[in-house]
Every structure is written in structure tokens, then in C-alpha cells.
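work02.txt (compact mmCIF, C-alpha atoms) appears below.
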# COMPACT_ATOMS: atom_id res chain seq x y z
CA MET A 1 -8.62 9.70 -23.57
CA LYS A 2 -11.32 11.45 -25.65
CA ALA A 3 -11.03 15.22 -25.97
CA SER A 4 -14.48 15.67 -24.46
CA ALA A 5 -13.32 13.82 -21.33
CA LEU A 6 -10.15 15.86 -20.80
CA THR A 7 -10.27 17.29 -17.29
CA PRO A 8 -7.72 17.25 -14.46
CA GLU A 9 -9.97 14.83 -12.59
CA ALA A 10 -10.14 12.45 -15.56
CA PHE A 11 -6.38 12.64 -16.05
CA VAL A 12 -5.76 11.68 -12.41
CA LEU A 13 -8.18 8.77 -12.82
CA GLN A 14 -6.19 7.67 -15.87
CA LEU A 15 -3.04 7.64 -13.75
CA GLN A 16 -4.73 5.71 -10.97
CA ALA A 17 -5.90 3.10 -13.49
CA LEU A 18 -2.41 2.38 -14.87
CA PRO A 19 -1.38 -1.28 -14.69
CA SER A 20 0.55 -2.40 -11.62
CA LEU A 21 4.17 -3.12 -12.55
CA PRO A 22 6.96 -4.80 -10.55
CA ASN A 23 9.15 -2.37 -8.61
CA VAL A 24 7.03 0.61 -9.66
CA PHE A 25 5.14 2.87 -7.25
CA ASN A 26 2.06 4.76 -8.44
CA PRO A 27 1.97 7.87 -6.18
CA TRP A 28 -1.70 8.60 -6.85
CA ARG A 29 -2.95 5.07 -6.06
CA ASP A 30 -0.38 3.11 -4.07
CA PHE A 31 0.28 3.17 -0.34
CA ASP A 32 3.82 2.75 1.01
CA LYS A 33 3.28 1.26 4.47
CA ALA A 34 6.84 1.93 5.59
CA ASN A 35 7.26 5.47 4.28
CA ASP A 36 3.82 7.08 3.83
CA SER A 37 2.26 9.19 6.57
CA SER A 38 -1.12 7.45 6.40
CA ARG A 39 -3.41 5.44 4.13
CA ASP A 40 -4.85 8.74 2.98
CA ALA A 41 -1.52 9.66 1.36
CA PRO A 42 -2.42 8.52 -2.20
CA ARG A 43 -5.62 10.58 -2.10
CA GLN A 44 -3.67 13.63 -0.92
CA ARG A 45 -1.15 13.26 -3.74
CA ALA A 46 -3.94 12.83 -6.29
CA GLU A 47 -5.67 15.98 -5.06
CA GLN A 48 -2.42 17.96 -5.18
CA LEU A 49 -1.82 16.93 -8.80
CA ARG A 50 -5.42 17.74 -9.72
CA SER A 51 -5.14 21.20 -8.17
CA TYR A 52 -1.75 21.81 -9.81
CA LEU A 53 -3.12 21.02 -13.27
CA ALA A 54 -6.44 22.82 -12.79
CA ARG A 55 -4.56 26.01 -12.02
CA ARG A 56 -2.68 25.78 -15.34
CA LEU A 57 -5.36 24.55 -17.78
CA LYS A 58 -5.60 27.74 -19.87
CA THR A 59 -2.15 29.21 -19.25
CA THR A 60 0.46 26.48 -19.87
CA ARG A 61 2.92 27.35 -22.63
CA LEU A 62 5.70 24.90 -21.79
CA VAL A 63 6.00 21.34 -20.44
CA LEU A 64 9.39 20.18 -19.17
CA VAL A 65 9.61 16.40 -19.26
CA ALA A 66 12.26 14.57 -17.24
CA GLU A 67 12.83 10.82 -16.96
CA ALA A 68 10.81 9.51 -13.99
CA PRO A 69 9.75 10.57 -10.48
CA SER A 70 12.36 10.64 -7.74
CA TRP A 71 11.66 9.03 -4.38
CA ARG A 72 12.56 12.36 -2.74
CA GLY A 73 10.18 14.29 -4.99
CA ALA A 74 7.04 13.22 -6.84
CA LYS A 75 6.79 9.92 -4.95
CA PHE A 76 5.54 11.94 -1.98
CA THR A 77 4.11 15.09 -3.61
CA GLY A 78 2.42 13.63 -6.68
CA ILE A 79 3.89 16.50 -8.72
CA ALA A 80 6.91 15.97 -10.97
CA MET A 81 10.20 17.64 -10.02
CA THR A 82 8.58 19.07 -6.89
CA SER A 83 9.60 18.30 -3.31
CA GLU A 84 7.70 18.43 -0.05
CA ARG A 85 10.10 21.14 1.07
CA ILE A 86 8.59 23.34 -1.65
CA LEU A 87 4.95 22.31 -1.15
CA LEU A 88 5.10 22.94 2.60
CA ASN A 89 6.60 26.41 2.05
CA GLU A 90 9.88 25.50 3.71
CA HIS A 91 12.08 26.17 0.69
CA PRO A 92 14.13 29.40 0.86
CA ASN A 93 13.76 30.27 -2.84
CA VAL A 94 10.61 28.56 -4.12
CA PRO A 95 7.32 29.41 -2.38
CA ALA A 96 4.48 26.92 -2.12
CA SER A 97 2.28 29.51 -3.85
CA ALA A 98 4.26 28.90 -7.05
CA VAL A 99 2.86 25.38 -7.18
CA LEU A 100 -0.56 25.29 -5.52
CA PRO A 101 -3.19 27.82 -4.44
CA SER A 102 -2.43 26.94 -0.81
CA ILE A 103 0.29 25.13 1.13
CA GLY A 104 0.38 21.44 0.29
CA GLU A 105 0.06 18.42 2.54
CA ARG A 106 2.86 16.20 3.71
CA THR A 107 2.52 12.49 2.78
CA SER A 108 5.93 11.21 3.90
CA SER A 109 6.21 9.61 7.33
CA GLU A 110 7.44 11.99 10.01
CA ARG A 111 8.79 8.99 11.90
CA GLN A 112 10.93 7.98 8.93
CA PHE A 113 11.76 11.54 7.83
CA PRO A 114 11.76 14.02 10.76
CA ARG A 115 12.08 16.87 8.26
CA CYS A 116 10.10 16.89 5.02
CA LEU A 117 12.13 15.85 2.00
CA ALA A 118 14.09 18.13 -0.31
CA GLU A 119 15.18 17.19 -3.83
CA GLN A 120 18.01 18.77 -5.82
CA THR A 121 16.41 18.65 -9.25
CA ALA A 122 13.22 20.22 -7.89
CA THR A 123 15.20 23.10 -6.41
CA ILE A 124 17.21 23.78 -9.56
CA VAL A 125 14.32 23.51 -12.03
CA TRP A 126 11.83 25.62 -10.08
CA SER A 127 14.44 28.23 -9.14
CA GLN A 128 15.66 28.61 -12.71
CA LEU A 129 12.20 28.96 -14.22
CA LEU A 130 11.10 31.51 -11.64
CA GLU A 131 14.37 33.44 -11.95
CA SER A 132 13.72 33.54 -15.70
CA GLU A 133 10.50 35.39 -14.82
CA PHE A 134 8.17 32.69 -16.00
CA SER A 135 4.78 33.04 -14.43
CA SER A 136 4.34 29.91 -12.34
CA ASP A 137 1.22 28.95 -14.31
CA GLU A 138 3.03 29.12 -17.68
CA PHE A 139 4.78 25.79 -17.23
CA VAL A 140 4.05 22.25 -16.12
CA LEU A 141 6.66 19.73 -15.00
CA TRP A 142 6.23 16.07 -15.93
CA ASN A 143 8.08 12.79 -16.56
CA ALA A 144 8.31 10.47 -19.56
CA PHE A 145 7.50 7.61 -17.19
CA PRO A 146 4.85 8.94 -14.78
CA CYS A 147 5.31 6.52 -11.86
CA HIS A 148 8.30 5.98 -9.55
CA PRO A 149 10.57 3.10 -10.65
CA TYR A 150 12.79 1.75 -7.86
CA LYS A 151 15.37 -0.98 -7.37
CA ALA A 152 13.95 -4.30 -6.18
CA GLY A 153 13.46 -4.30 -2.42
CA ASN A 154 14.35 -0.64 -1.95
CA PRO A 155 11.49 1.89 -2.36
CA ARG A 156 13.95 4.65 -1.34
CA SER A 157 15.89 4.34 -4.60
CA ASN A 158 15.62 5.47 -8.21
CA ARG A 159 16.24 3.64 -11.48
CA LYS A 160 15.69 4.19 -15.17
CA PRO A 161 12.36 2.96 -16.52
CA GLY A 162 12.52 0.17 -19.05
CA LEU A 163 11.13 0.32 -22.55
CA ASP A 164 8.32 -2.07 -21.59
CA GLU A 165 7.37 0.25 -18.73
CA LEU A 166 7.36 3.29 -21.01
CA LYS A 167 5.12 1.44 -23.46
CA ALA A 168 2.73 0.43 -20.66
CA THR A 169 2.20 4.11 -19.79
CA ALA A 170 2.54 5.56 -23.29
CA ASP A 171 -0.98 7.03 -23.33
CA VAL A 172 -0.32 9.33 -20.38
CA LEU A 173 1.84 12.04 -21.95
CA PRO A 174 -0.45 12.55 -25.00
CA SER A 175 -3.39 12.94 -22.60
CA LEU A 176 -1.50 15.52 -20.54
CA LEU A 177 -0.49 17.54 -23.60
CA ALA A 178 -4.04 17.47 -24.98
CA LEU A 179 -5.39 18.52 -21.58
CA LEU A 180 -3.04 21.52 -21.56
CA GLY A 181 -3.72 22.60 -25.14
CA LYS A 182 -0.65 21.00 -26.73
CA PRO A 183 2.07 23.30 -25.34
CA LYS A 184 5.74 23.17 -26.34
CA VAL A 185 7.63 20.19 -24.88
CA VAL A 186 11.26 20.25 -23.74
CA PRO A 187 12.95 17.01 -22.59
CA VAL A 188 15.22 17.38 -19.57
CA GLY A 189 18.13 15.00 -20.15
CA LYS A 190 19.02 12.50 -22.86
CA VAL A 191 17.09 9.69 -21.21
CA ALA A 192 13.92 11.75 -21.39
CA GLU A 193 14.75 12.72 -24.98
CA ARG A 194 15.05 9.04 -25.99
CA ALA A 195 11.94 8.12 -24.05
CA LEU A 196 9.92 10.86 -25.74
CA LYS A 197 11.22 9.76 -29.13
CA GLU A 198 9.87 6.28 -28.38
CA LEU A 199 6.53 7.96 -27.69
CA GLY A 200 6.65 9.84 -31.01
CA VAL A 201 7.89 13.20 -29.69
CA SER A 202 11.29 14.13 -31.21
CA VAL A 203 12.63 17.24 -29.49
CA PRO A 204 16.26 18.11 -28.53
CA ALA A 205 16.92 17.89 -24.81
CA VAL A 206 18.39 20.37 -22.39
CA ARG A 207 20.96 19.02 -19.92
CA HIS A 208 19.52 17.39 -16.83
CA PRO A 209 20.53 19.42 -13.74
CA ALA A 210 21.50 16.39 -11.63
CA ASN A 211 25.01 14.93 -11.41
CA GLY A 212 26.86 18.16 -12.13
CA GLY A 213 24.51 19.39 -14.85
CA SER A 214 23.11 22.41 -13.02
CA THR A 215 25.17 25.06 -14.83
CA SER A 216 24.50 23.55 -18.26
CA PHE A 217 20.78 23.29 -17.51
CA ARG A 218 20.61 26.91 -16.40
CA LYS A 219 22.48 28.14 -19.48
CA ALA A 220 20.29 26.08 -21.81
CA MET A 221 17.09 27.35 -20.22
CA THR A 222 18.36 30.94 -20.31
CA ARG A 223 18.96 30.61 -24.07
CA PHE A 224 15.59 28.95 -24.54
CA VAL A 225 13.70 31.68 -22.68
CA LYS A 226 15.09 34.42 -24.94
CA GLY A 227 13.22 33.04 -27.92
CA PHE A 228 10.16 31.75 -26.14
CA PRO A 229 6.82 33.54 -26.68
CA ARG A 230 5.57 34.80 -23.32
CA GLN A 231 2.18 35.62 -21.88
CA ASP A 232 1.20 39.27 -22.08
CA VAL A 233 0.96 39.77 -18.32
CA PRO A 234 2.20 42.52 -15.99
CA SER A 235 5.79 42.01 -14.83
CA GLU A 236 4.81 41.71 -11.19
CA THR A 237 2.75 38.60 -11.97
CA GLN A 238 5.62 36.92 -13.81
CA ARG A 239 7.09 35.99 -10.43
CA ALA A 240 5.43 33.45 -8.16

Take the structure I supplied and represent it as C-alpha cells, if you would.
Amino acid sequence: MKASALTPEAFVLQLQALPSLPNVFNPWRDFDKANDSSRDAPRQRAEQLRSYLARRLKTTRLVLVAEAPSWRGAKFTGIAMTSERILLNEHPNVPASAVLPSIGERTSSERQFPRCLAEQTATIVWSQLLESEFSSDEFVLWNAFPCHPYKAGNPRSNRKPGLDELKATADVLPSLLALLGKPKVVPVGKVAERALKELGVSVPAVRHPANGGSTSFRKAMTRFVKGFPRQDVPSETQRA
């Protein structure tokens, strides 16, 4: 994407124009008949991502990049490592105001999921960053593979993206980093570290918080924050 065309709207259009791949769900374009709330769900997710990025255009200092969207997270919110529980202001520790200017919209089916979905990684990552007194507009969460890869026949599952899938979407991360002014990138987990290396970004990873990695992730981020240059903002605005 040309620098002159870098806007949140253009970035969302780039995502929507990604090639269709087998067993891959594009949250900003695709409709899940069984699990989405309505056919308007992709548009809602696209608007939430646009708003999320627009709020952070001139303030992002850090991008955390995990592996791929989870079906309990970005599949329904359109925002990496972010659950509907957070966006709808139903999370006890992470307010919706940390993510968007107003409470987000639910896109998961209430019939399939009587309560909006929570996601462990979303809780740990957002909680840790806010507890570290990051201003919520200092960081952006993303994935090496932007769309949701799932096991054949089961949209409510997660799997690792293949190298061919990473190559098919390789232009997305450079566009995001250019849009945000080329902030510092930190991979979350070894899979993300390897994926980023394939995309030409060689950066040591912090431990992924899932599967027993919460304590290690928190310790790694605590160490990282100590040496990270911060915005010169009043302390009361450092908390979302």
C-alpha cells in the first residue's frame, strides 16, 4: 500500500480484499451463518477495527503481534487479542473505553452463545498492559496471520497458519506498521516470532500467555516496560 494511501479505512479495505483461503475466516468480510448475529456482522467488525486504529494513529509506540485470531476473540470483534466481553464492557478488569471510544457491538449469535464470549489471552494481555500503566492508545494488538484459521469443518476451533497462508497475507503487517508510524514490534510466542522472521522482522519473542504462560508473559512484559520510552502524558491518563 502506498504511503499516501495509508488510512485506517484503506487498511480495512486491504484486509477485506485478501484472497479467500480454505478453512480461513476473514472477520471483516466473511459471514458465518451458524455463529454470526446477522449479515451485518462483517461490517460491524470492520468498523470496530477502523475505529480502534483511528484512535491510535499518532500515539502508537508498541505493536504486540501474536500468531493468529482466536475464534473466541478477533473472529467476532475484528480486533486482535480482544474479546466481546471486553468490547461490551462486561469484563471486570478491562473497560471497553480502553479499546474504543464507545461500547462495541456484539457480532456473535446470542442463540449460539447466550453470553458474549470471553478469551483468556485477551484478558491477560490487556490486563497486563494496563496494569503496567500503558496508555491504552500507546499500543496496538495484531497477529502475524490476520485472519482466523480453523480446523476443517469446525469454525469454532483454532489452528496454526501455514507458511503458504502467511505468504498470502504478507503485505498486511508492513501496511499496519507504516500506518502507525513504524512502532516497535514485539512477537508474542515463538510461533509469532518465526512467522515474523519469515516476513523479514527478526525480533525476540515474549512468552505467549496461553497454556500456562501467563506468569512468564507478565514477567517479560514487566521487564520490557522498564526500558521502554513512554509518552509524556499525565499519570491519570496512563490508565484506560

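For the set A:Leu15, A:Cys116, A:Ala96, A:Val225, the residue with the smallest atom-to-atom gap to Ala170 (chain A) is A:Leu15, counting only C-alpha atoms.
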
* To do: Fewer than 5 positions away in the same chain doesn't count, so skip those; otherwise give me all residues within 10 Å of region 129-142 of chain A, counting all atoms listed in the file, as a VMD selection string.
  => chain A and resid 52 to 69 74 79 to 82 93 to 94 97 to 100 122 124 173 176 to 177 180 183 to 188 218 221 to 222 225 to 226 230 to 231 233 to 240

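With CA of Ala192 (chain A) on one side and CA of Gly104 (chain A) on the other, the separation reads 27.3 Å.
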
* To do: Tell me, in Å to one decimal, how far CA of Leu21 (chain A) is from CA of Ala195 (chain A).
  => 17.9 Å

* In Å, with one decimal, what is the gap from CA of Thr169 (chain A) to CA of Ala17 (chain A)? -> 10.3 Å

* Residues at most 9 Å from Leu199 (chain A), counting only C-alpha atoms, excluding those fewer than 6 positions away in the same chain, as number ranges by chain? -> A: 144, 166-167, 170-171, 173-174

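Excluding Val172 (chain A) itself and same-chain residues fewer than 6 positions from it, the residues having an atom within 10 Å of it are A:Met1, A:Phe11, A:Val12, A:Gln14, A:Leu15, A:Leu18, A:Asn143, A:Ala144, A:Phe145, A:Pro146, A:Leu166, counting only C-alpha atoms.
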
Could you please give me, as a PDB file with C-alpha atoms, keeping the file's coordinate frame, the residues of protein, DNA or RNA lying at most 12 Å from (13.8, 19.8, -30.7) in the coordinate frame of the file, considering all atoms listed in the file?
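out-v8.pdb, written as the output of this step:
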ATOM      1  CA  LYS A 184       5.740  23.170 -26.340  1.00  0.00           C
ATOM      2  CA  VAL A 185       7.630  20.190 -24.880  1.00  0.00           C
ATOM      3  CA  VAL A 186      11.260  20.250 -23.740  1.00  0.00           C
ATOM      4  CA  PRO A 187      12.950  17.010 -22.590  1.00  0.00           C
ATOM      5  CA  VAL A 188      15.220  17.380 -19.570  1.00  0.00           C
ATOM      6  CA  LYS A 190      19.020  12.500 -22.860  1.00  0.00           C
ATOM      7  CA  GLU A 193      14.750  12.720 -24.980  1.00  0.00           C
ATOM      8  CA  ARG A 194      15.050   9.040 -25.990  1.00  0.00           C
ATOM      9  CA  LEU A 196       9.920  10.860 -25.740  1.00  0.00           C
ATOM     10  CA  LYS A 197      11.220   9.760 -29.130  1.00  0.00           C
ATOM     11  CA  VAL A 201       7.890  13.200 -29.690  1.00  0.00           C
ATOM     12  CA  SER A 202      11.290  14.130 -31.210  1.00  0.00           C
ATOM     13  CA  VAL A 203      12.630  17.240 -29.490  1.00  0.00           C
ATOM     14  CA  PRO A 204      16.260  18.110 -28.530  1.00  0.00           C
ATOM     15  CA  ALA A 205      16.920  17.890 -24.810  1.00  0.00           C
ATOM     16  CA  VAL A 206      18.390  20.370 -22.390  1.00  0.00           C
ATOM     17  CA  PHE A 224      15.590  28.950 -24.540  1.00  0.00           C
TER      18      PHE A 224
END

* To do: Please identify all polymer residues lying at most 9 Å from the point (4.4, 13.9, 0.5) (file coordinates), using all atoms listed in the file, and present the result as a ChimeraX atom specification.
  => /A:36-37,41,44-45,72-78,83-84,87,104-109,116-117

Complete region 19-38 of chain A at the level of N, CA, C and O atoms, written as an mmCIF file, in the frame of the given file.
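Full text of selection_11.cif as output:
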data_model
loop_
_atom_site.group_PDB
_atom_site.id
_atom_site.type_symbol
_atom_site.label_atom_id
_atom_site.label_comp_id
_atom_site.auth_asym_id
_atom_site.auth_seq_id
_atom_site.Cartn_x
_atom_site.Cartn_y
_atom_site.Cartn_z
ATOM 1 N N PRO A 19 -1.636 0.088 -15.161
ATOM 2 C CA PRO A 19 -1.380 -1.280 -14.690
ATOM 3 C C PRO A 19 -0.313 -1.298 -13.594
ATOM 4 O O PRO A 19 0.614 -0.488 -13.602
ATOM 5 N N SER A 20 -0.467 -2.216 -12.657
ATOM 6 C CA SER A 20 0.550 -2.400 -11.620
ATOM 7 C C SER A 20 1.759 -3.100 -12.242
ATOM 8 O O SER A 20 1.600 -4.103 -12.958
ATOM 9 N N LEU A 21 2.944 -2.579 -11.987
ATOM 10 C CA LEU A 21 4.170 -3.120 -12.550
ATOM 11 C C LEU A 21 5.147 -3.441 -11.427
ATOM 12 O O LEU A 21 5.160 -2.758 -10.399
ATOM 13 N N PRO A 22 5.993 -4.449 -11.601
ATOM 14 C CA PRO A 22 6.960 -4.800 -10.550
ATOM 15 C C PRO A 22 7.923 -3.649 -10.280
ATOM 16 O O PRO A 22 8.409 -2.991 -11.210
ATOM 17 N N ASN A 23 8.178 -3.388 -9.022
ATOM 18 C CA ASN A 23 9.150 -2.370 -8.610
ATOM 19 C C ASN A 23 8.816 -0.984 -9.175
ATOM 20 O O ASN A 23 9.703 -0.230 -9.566
ATOM 21 N N VAL A 24 7.526 -0.700 -9.212
ATOM 22 C CA VAL A 24 7.030 0.610 -9.660
ATOM 23 C C VAL A 24 5.965 1.061 -8.672
ATOM 24 O O VAL A 24 5.049 0.294 -8.339
ATOM 25 N N PHE A 25 6.079 2.311 -8.218
ATOM 26 C CA PHE A 25 5.140 2.870 -7.250
ATOM 27 C C PHE A 25 4.296 3.940 -7.934
ATOM 28 O O PHE A 25 4.830 4.883 -8.525
ATOM 29 N N ASN A 26 2.987 3.782 -7.873
ATOM 30 C CA ASN A 26 2.060 4.760 -8.440
ATOM 31 C C ASN A 26 1.664 5.730 -7.324
ATOM 32 O O ASN A 26 0.879 5.376 -6.448
ATOM 33 N N PRO A 27 2.193 6.957 -7.320
ATOM 34 C CA PRO A 27 1.970 7.870 -6.180
ATOM 35 C C PRO A 27 0.513 8.205 -5.925
ATOM 36 O O PRO A 27 0.144 8.538 -4.791
ATOM 37 N N TRP A 28 -0.319 8.156 -6.955
ATOM 38 C CA TRP A 28 -1.700 8.600 -6.850
ATOM 39 C C TRP A 28 -2.666 7.461 -6.496
ATOM 40 O O TRP A 28 -3.852 7.689 -6.323
ATOM 41 N N ARG A 29 -2.118 6.239 -6.371
ATOM 42 C CA ARG A 29 -2.950 5.070 -6.060
ATOM 43 C C ARG A 29 -2.346 4.212 -4.951
ATOM 44 O O ARG A 29 -3.062 3.698 -4.088
ATOM 45 N N ASP A 30 -1.028 4.081 -4.949
ATOM 46 C CA ASP A 30 -0.380 3.110 -4.070
ATOM 47 C C ASP A 30 -0.051 3.699 -2.696
ATOM 48 O O ASP A 30 0.212 4.899 -2.554
ATOM 49 N N PHE A 31 -0.043 2.812 -1.710
ATOM 50 C CA PHE A 31 0.280 3.170 -0.340
ATOM 51 C C PHE A 31 1.577 2.485 0.062
ATOM 52 O O PHE A 31 1.717 1.268 -0.086
ATOM 53 N N ASP A 32 2.543 3.270 0.543
ATOM 54 C CA ASP A 32 3.820 2.750 1.010
ATOM 55 C C ASP A 32 3.752 2.655 2.531
ATOM 56 O O ASP A 32 3.919 3.646 3.243
ATOM 57 N N LYS A 33 3.505 1.459 3.033
ATOM 58 C CA LYS A 33 3.280 1.260 4.470
ATOM 59 C C LYS A 33 4.456 1.750 5.306
ATOM 60 O O LYS A 33 4.266 2.327 6.392
ATOM 61 N N ALA A 34 5.658 1.561 4.812
ATOM 62 C CA ALA A 34 6.840 1.930 5.590
ATOM 63 C C ALA A 34 7.134 3.414 5.562
ATOM 64 O O ALA A 34 7.665 3.969 6.531
ATOM 65 N N ASN A 35 6.788 4.099 4.472
ATOM 66 C CA ASN A 35 7.260 5.470 4.280
ATOM 67 C C ASN A 35 6.165 6.524 4.140
ATOM 68 O O ASN A 35 6.463 7.720 4.208
ATOM 69 N N ASP A 36 4.921 6.114 3.918
ATOM 70 C CA ASP A 36 3.820 7.080 3.830
ATOM 71 C C ASP A 36 3.325 7.482 5.214
ATOM 72 O O ASP A 36 3.419 6.714 6.177
ATOM 73 N N SER A 37 2.761 8.675 5.297
ATOM 74 C CA SER A 37 2.260 9.190 6.570
ATOM 75 C C SER A 37 0.987 8.489 7.018
ATOM 76 O O SER A 37 0.745 8.307 8.214
ATOM 77 N N SER A 38 0.139 8.107 6.072
ATOM 78 C CA SER A 38 -1.120 7.450 6.400
ATOM 79 C C SER A 38 -1.689 6.820 5.131
ATOM 80 O O SER A 38 -1.201 7.061 4.023
#
